[in-house]
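Student: Mind looking over this structure? Questions follow.
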There are 2 protein chains.
Amino acid sequence: MALSKSIAIVGATGVVGQTLLKVLAERNFPLREVSLLASGRSAGKQYQFQGEQLTVREARAEAFAGVDIAFFCASGEVARALAPAAVAHGAVVIDNSSAFRLDDDVPLIVPEINAAAISGHRGIIANPNCSTIIMAVALKPLYDAVGLKRVVVSTYQAVSGAGIEAVEELKEQVLAFTEGRSVAAKILPTAAAKKHYQVAFNVIPQVDLFADHGYTKEEWKMVHETQKIFGNETIAITVTTVRVPVMWCHSLSINVETHRPLSVPQARELLGRSPGVVLLDDVDNQVYPMPIDFPDRDDVFVGRLRQDFSLPNAFNLWAVGNQLRKGAASNAVQIAEILK
Amino acid sequence: MALSKSIAIVGATGVVGQTLLKVLAERNFPLREVSLLASGRSAGKQYQFQGEQLTVREARAEAFAGVDIAFFCASGEVARALAPAAVAHGAVVIDNSSAFRLDDDVPLIVPEINAAAISGHRGIIANPNCSTIIMAVALKPLYDAVGLKRVVVSTYQAVSGAGIEAVEELKEQVLAFTEGRSVAAKILPTAAAKKHYQVAFNVIPQVDLFADHGYTKEEWKMVHETQKIFGNETIAITVTTVRVPVMWCHSLSINVETHRPLSVPQARELLGRSPGVVLLDDVDNQVYPMPIDFPDRDDVFVGRLRQDFSLPNAFNLWAVGNQLRKGAASNAVQIAEILK
C-alpha cells in the first residue's frame with residue numbers, strides 16, 4: 001500500500017465515526033483522501049476536517065473504489081452488507097461491529113496484545129467490543145506473567161456506548177429532573193430493546209439485548225472475544241454488564257485468579273510498565289481512576305489493585321477506559337497504523 | 001418490657017433517623033413515647049409524628065431515663081459515647097453504626113437470618129452495614145440449601161448512604177451541569193475523606209475511608225459482618241464497593257460459588273419463597289430490579305440469576321435493596337419487633 005492512505009469511514013456521522021476523525025487528526029495519520037460515508041438520510045451533511053470541507057455520501061458498494069482502508073463504525077447489518085464490497089474493491093476493512101469478530105478468518109486485534117495476528121487477515125480485521133478491549137489491555141501483563149485462570153467482572157458502562165442518542169437522553173432526563181418534569185426513556189438500555197428505562201439516577205443491569213442462558217450479548221462478547229484475543233479458550237470468564245449514568249468511559253471491577261503466584265508489588269510493577277496501561281493507584285492519597293477524568297485519553301487506567309484474600313493467587317482491580325477511544329476509534333486507528 | 005414502648009432515636013434529624021420514624025409509623029410499632037435526640041445544634045428542631053409535635057433534644061446520658069429501646073442512627077463515636085449510658089438506664093440499644101458490630105457480646109442481626117442470636121444480647125444489638133444486609137438476605141436461601149464457598153461482589157451504591165448532604169450534593173452537581181456552571185464536590189466519597197470528587201456523571205470506587213491492604217472499611221464490613229451474621233467464618237468473600245450517581249437503593253453484582261450443586265430453576269424457586277426476597281427475573285421481558293424503582297420498599301429484589309459457566313456450582317445474580325430501609329431503619333425496627 002501507499003504510505004499515505006485513502007480512507008473511508010462508514011458511519012461517519014455517529015459518535016464512533018466522529019471520534020475516529022478526531023483520533024486520525026491527533027495521531028497525524030498519513031491521509032491522502034477521506035471519504036465520509038453514512039446512511040442515505042445523512043448524505044449531504046458536511047464536516048470540517050484538517051481545513052477541508054468533507055461531504056457525507058451514501059455508503060454504497062461503489063464508494064469504496066480506490067479506498068485503502070475502510071473503517072466501519074456502523075451496525076453489524078451494515079458491516080455484513082458492505083464490508084465484502086469494500087474488500088472486493090481492494091480496501092482493508094477495520095470493522096467496529098460484532099459482525100465478523102468471532103469468524104475464524106478474521107483477526108480480532110488489540111495491538112498491545114496480538115498485533116502479529118493481523119498478518120492472517122483476508123481483507124477484514126475486527127475491532128473488539130469496547131469493554132473487552134479495556135479489560136484485555138488491563139489483564140495482558142498478568143496474563144503474560146502468571147496466566148489467567150478465571151476472571152469475574154462487573155461493568156459500569158457509559159451511556160455513550162449506546163450512541164449519541166443515549167447521551168442526549170441522559171442529558172434530557174437530568175434536565176427534566178431539575179425542572180420537575182417527568183422523565184422519558186426511549187433509547188436505553190438499547191434502542192433495539194422492547195422496553196426502555198430511565199438511566200438518570202439509576203443503573204440498568206442490561207447492556208445490549210439478551211442472548212443465551214440469561215446473559216446479554218455484551219456479556220458473551222466479553223467472554224468469547226477476550227479468549228480469542230489472547231488465543232486461549234481456557235481462560236474462564238464470567239461477566240455482568242451494567243449501564244450507569246456516566247457520559248464517557250467504561251469502568252470495570254475485575255476479580256482475577258491467576259495460574260501462578262504473583263505479589264501485589266510485582267503485579268503493580270508489571271502493570272506500571274505495560275503499553276497502553278497507566279497505573280493510578282495510591283489509596284492513601286485517594287488516587288484511583290474515575291470515568292469523569294478521561295474524556296480524551298487512549299490509555300486504560302488501572303487502580304485499586306489489591307490481593308483477594310478469599311482465594312490463593314487472586315487479585316481485585318479497577319480499570320477505566322474511554323470506550324469511544326481505546327474501546328473503539330483509537331484501537332481501530334492503531335490497527336491501521338500497523339497496516340502501513 | 002411493656003407491650004407499648006418508650007423509644008428514643010439518637011440522630012433523629014439524619015436521613016436514617018427520619019426514615020426510622022416513617023417505618024415505625026408504617027409498621028404500627030406500638031409506641032408509648034418517642035424521644036428525638038441529636039447533637040446540640042439540632043436541639044429545638046420540631047417534627048410532626050402521628051399527630052404530635054416532637055421537639056429534638058440534645059442526646060445526653062440522662063435523656064435515656066425511662067427509655068425501653070434506643071435506636072442509634074448516628075456515628076460510631078456517638079454510639080461509643082452514649083450507648084453504655086442508654087444501657088445503664090435500662091434501654092436496649094439497637095445501633096446502626098459500626099461501633100459494636102464485631103464485638104463478641106453484641107449480636108449482629110438480620111431477622112430473616114439470625115433472629116435467634118438476639119437472645120444473647122447484653123444491652124446492645126447491632127444493625128449490620130447496609131450493603132451487607134442486602135447481600136445477606138439475597139444469599140440466605142442459597143446458604144441454607146447448598147452452602148456458600150466463595151462470594152465475589154461489586155457494589156453500585158446510592159449517594160444517600162453517605163447522608164442527606166450527599167443527596168443534596170448530587171442534586172446540586174446535576175443542577176450546576178444543566179446550568180453550565182462548574183461542579184463543586186465537598187462530601188463524596190465521604191465527608192471524612194481528605195479529597196472530594198464529583199459523583200454526577202461519574203462513579204467513585206471508594207465507599208467510606210480506606211483501611212488495611214488497600215480495601216475500604218465498607219469492603220471489610222461486607223466480609224466480616226456477613227461471616228458473623230451467618231455464623232460461619234469459612235465463607236470466603238471479596239468485595240469492591242463503588243458509589244454511583246443514584247439517590248436511593250444499593251445494587252450488588254454478586255458472583256457466588258456454592259459448596260454443592262443447585263440448578264438455576266432450583267435456585268430461582270428457593271429465592272422466590274425466601275422471606276424478605278422478591279424475585280424479579282424475566283429477561284425475556286426485560287424484568288430485573290433497578291434502584292430507581294424502590295424508593296419505599298423493604299424487600300431485597302433479586303434478578304439476573306444465571307449459571308456461571310466459568311466454574312462448577314456457581315451463579316451470578318443482581319440484588320437491589322433500599323439501604324435506608326432494609327439496609328438500616330427497617331431492619332432496626334424488625335429487630336425491635338422481635339424484642340416485644
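Going by the C-alpha cells order, chains are called A, B, ..., each with residues numbered from 1, while ligands are numbered from 1 in the order shown.
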Among segment 232-274 of chain B, which ones does DSSP assign to helix (DSSP H, G or I) (computed from the backbone)? Answer as a VMD selection string.

Tutor: chain B and resid 264 to 272

Student: Within 6 Å of chain A, which residues of chain B are there when counting only C-alpha atoms? Please give them as a list of chain:residue names.

Tutor: B:Phe201, B:Asn202, B:Gly214, B:Ala236, B:Ile237, B:Thr238, B:Pro245, B:Val246, B:Pro291, B:Ile292, B:Arg306, B:Ser310

Student: Neighbouring residues of segment 133-135 of chain B were defined as those with any atom within 9 Å, considering only C-alpha atoms; residues of the same chain fewer than 5 positions away were excluded. Please report them as a short mmCIF file (atom, residue, chain, number, x, y, z; two decimals) with N, CA and C atoms, in the first residue's frame.

Tutor:
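New file selection29.cif:
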```cif
data_model
loop_
_atom_site.label_atom_id
_atom_site.label_comp_id
_atom_site.auth_asym_id
_atom_site.auth_seq_id
_atom_site.Cartn_x
_atom_site.Cartn_y
_atom_site.Cartn_z
N ILE B 109 -27.59 -8.55 63.79
CA ILE B 109 -28.84 -9.23 63.44
C ILE B 109 -29.43 -8.81 62.09
N VAL B 110 -29.76 -9.80 61.30
CA VAL B 110 -30.69 -9.64 60.17
C VAL B 110 -31.83 -10.61 60.47
N ASN B 127 -27.10 -3.36 64.24
CA ASN B 127 -27.71 -3.42 62.91
C ASN B 127 -26.55 -3.47 61.92
N PRO B 128 -26.51 -4.43 61.01
CA PRO B 128 -25.35 -4.51 60.11
C PRO B 128 -25.27 -3.36 59.12
N LYS B 140 -29.09 -15.81 51.65
CA LYS B 140 -29.55 -16.73 52.69
C LYS B 140 -30.15 -18.03 52.14
N VAL B 153 -18.21 -9.84 45.05
CA VAL B 153 -19.28 -8.85 44.87
C VAL B 153 -18.72 -7.48 44.52
N MET B 222 -18.38 -5.75 54.68
CA MET B 222 -19.16 -6.75 53.94
C MET B 222 -18.56 -8.15 54.10
N GLU B 225 -18.83 -8.82 58.52
CA GLU B 225 -20.20 -8.82 59.04
C GLU B 225 -21.02 -9.96 58.43
N THR B 226 -20.81 -10.23 57.17
CA THR B 226 -21.54 -11.34 56.54
C THR B 226 -21.17 -12.66 57.22
N HIS B 250 -29.06 0.50 47.06
CA HIS B 250 -27.79 -0.07 46.64
C HIS B 250 -28.07 -1.27 45.73
N SER B 251 -27.26 -1.43 44.70
CA SER B 251 -27.34 -2.59 43.82
C SER B 251 -26.04 -3.38 43.96
N LEU B 252 -26.15 -4.70 43.87
CA LEU B 252 -24.98 -5.56 44.03
C LEU B 252 -24.90 -6.56 42.89
N ILE B 254 -23.40 -9.91 42.24
CA ILE B 254 -22.87 -10.96 43.13
C ILE B 254 -22.55 -12.22 42.33
N ASP B 299 -38.12 -4.87 50.82
CA ASP B 299 -37.62 -6.15 50.32
C ASP B 299 -36.26 -6.01 49.65
N VAL B 300 -35.59 -7.15 49.53
CA VAL B 300 -34.40 -7.23 48.69
C VAL B 300 -34.85 -7.87 47.37
N PHE B 301 -34.61 -7.17 46.28
CA PHE B 301 -35.08 -7.61 44.97
C PHE B 301 -33.93 -8.29 44.23
N ALA B 319 -28.72 -8.00 42.97
CA ALA B 319 -29.63 -7.71 44.08
C ALA B 319 -29.71 -6.21 44.32
N VAL B 320 -30.92 -5.73 44.56
CA VAL B 320 -31.15 -4.31 44.81
C VAL B 320 -31.97 -4.17 46.08
N GLY B 321 -31.55 -3.30 46.97
CA GLY B 321 -32.31 -3.05 48.19
C GLY B 321 -32.18 -1.60 48.61
N ASN B 322 -33.23 -1.12 49.26
CA ASN B 322 -33.19 0.25 49.75
C ASN B 322 -32.34 0.29 51.02
N GLN B 323 -31.20 0.92 50.92
CA GLN B 323 -30.24 0.84 52.02
C GLN B 323 -30.65 1.69 53.21
N LYS B 326 -34.44 -1.40 54.36
CA LYS B 326 -33.96 -2.71 54.80
C LYS B 326 -32.49 -2.63 55.22
N GLY B 327 -31.73 -1.77 54.57
CA GLY B 327 -30.32 -1.65 54.90
C GLY B 327 -30.05 -0.89 56.19
N ALA B 328 -31.08 -0.32 56.81
CA ALA B 328 -30.86 0.46 58.04
C ALA B 328 -32.13 0.49 58.89
N ASN B 331 -34.65 -2.67 59.07
CA ASN B 331 -34.03 -3.80 59.76
C ASN B 331 -33.98 -3.54 61.27
#
```

Student: Rounded to one decimal, what separation in Å do you get between atom CA of Val106 of chain B and atom CA of Ala8 of chain B?

Tutor: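 About the pair atom CA of Val106 of chain B and atom CA of Ala8 of chain B: they are 19.6 Å apart.
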
Student: What are the DSSP strand (DSSP E or B) residues of segment 35-203 of chain A, as a PyMOL selection string?

Tutor: chain A and resi 35-38+46-49+52-55+57-58+69-72+92-95+108+124-126+148-157

Student: Could you jot down the atom CA of Leu270 of chain A to atom CA of Glu257 of chain A separation for me, Å, one decimal place?

Tutor: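 Interatomic distance, atom CA of Leu270 of chain A to atom CA of Glu257 of chain A: 16.1 Å.
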
Student: Rounded to one decimal in Å, what is the spacing between atom CA of Ala116 of chain A and atom CA of Glu337 of chain A?

Tutor: 13.0 Å

Student: Which is closest to Ala25 of chain A among A:Ala70, A:Phe49, A:Leu279, A:Lys5, if we use only C-alpha atoms?

Tutor: A:Phe49
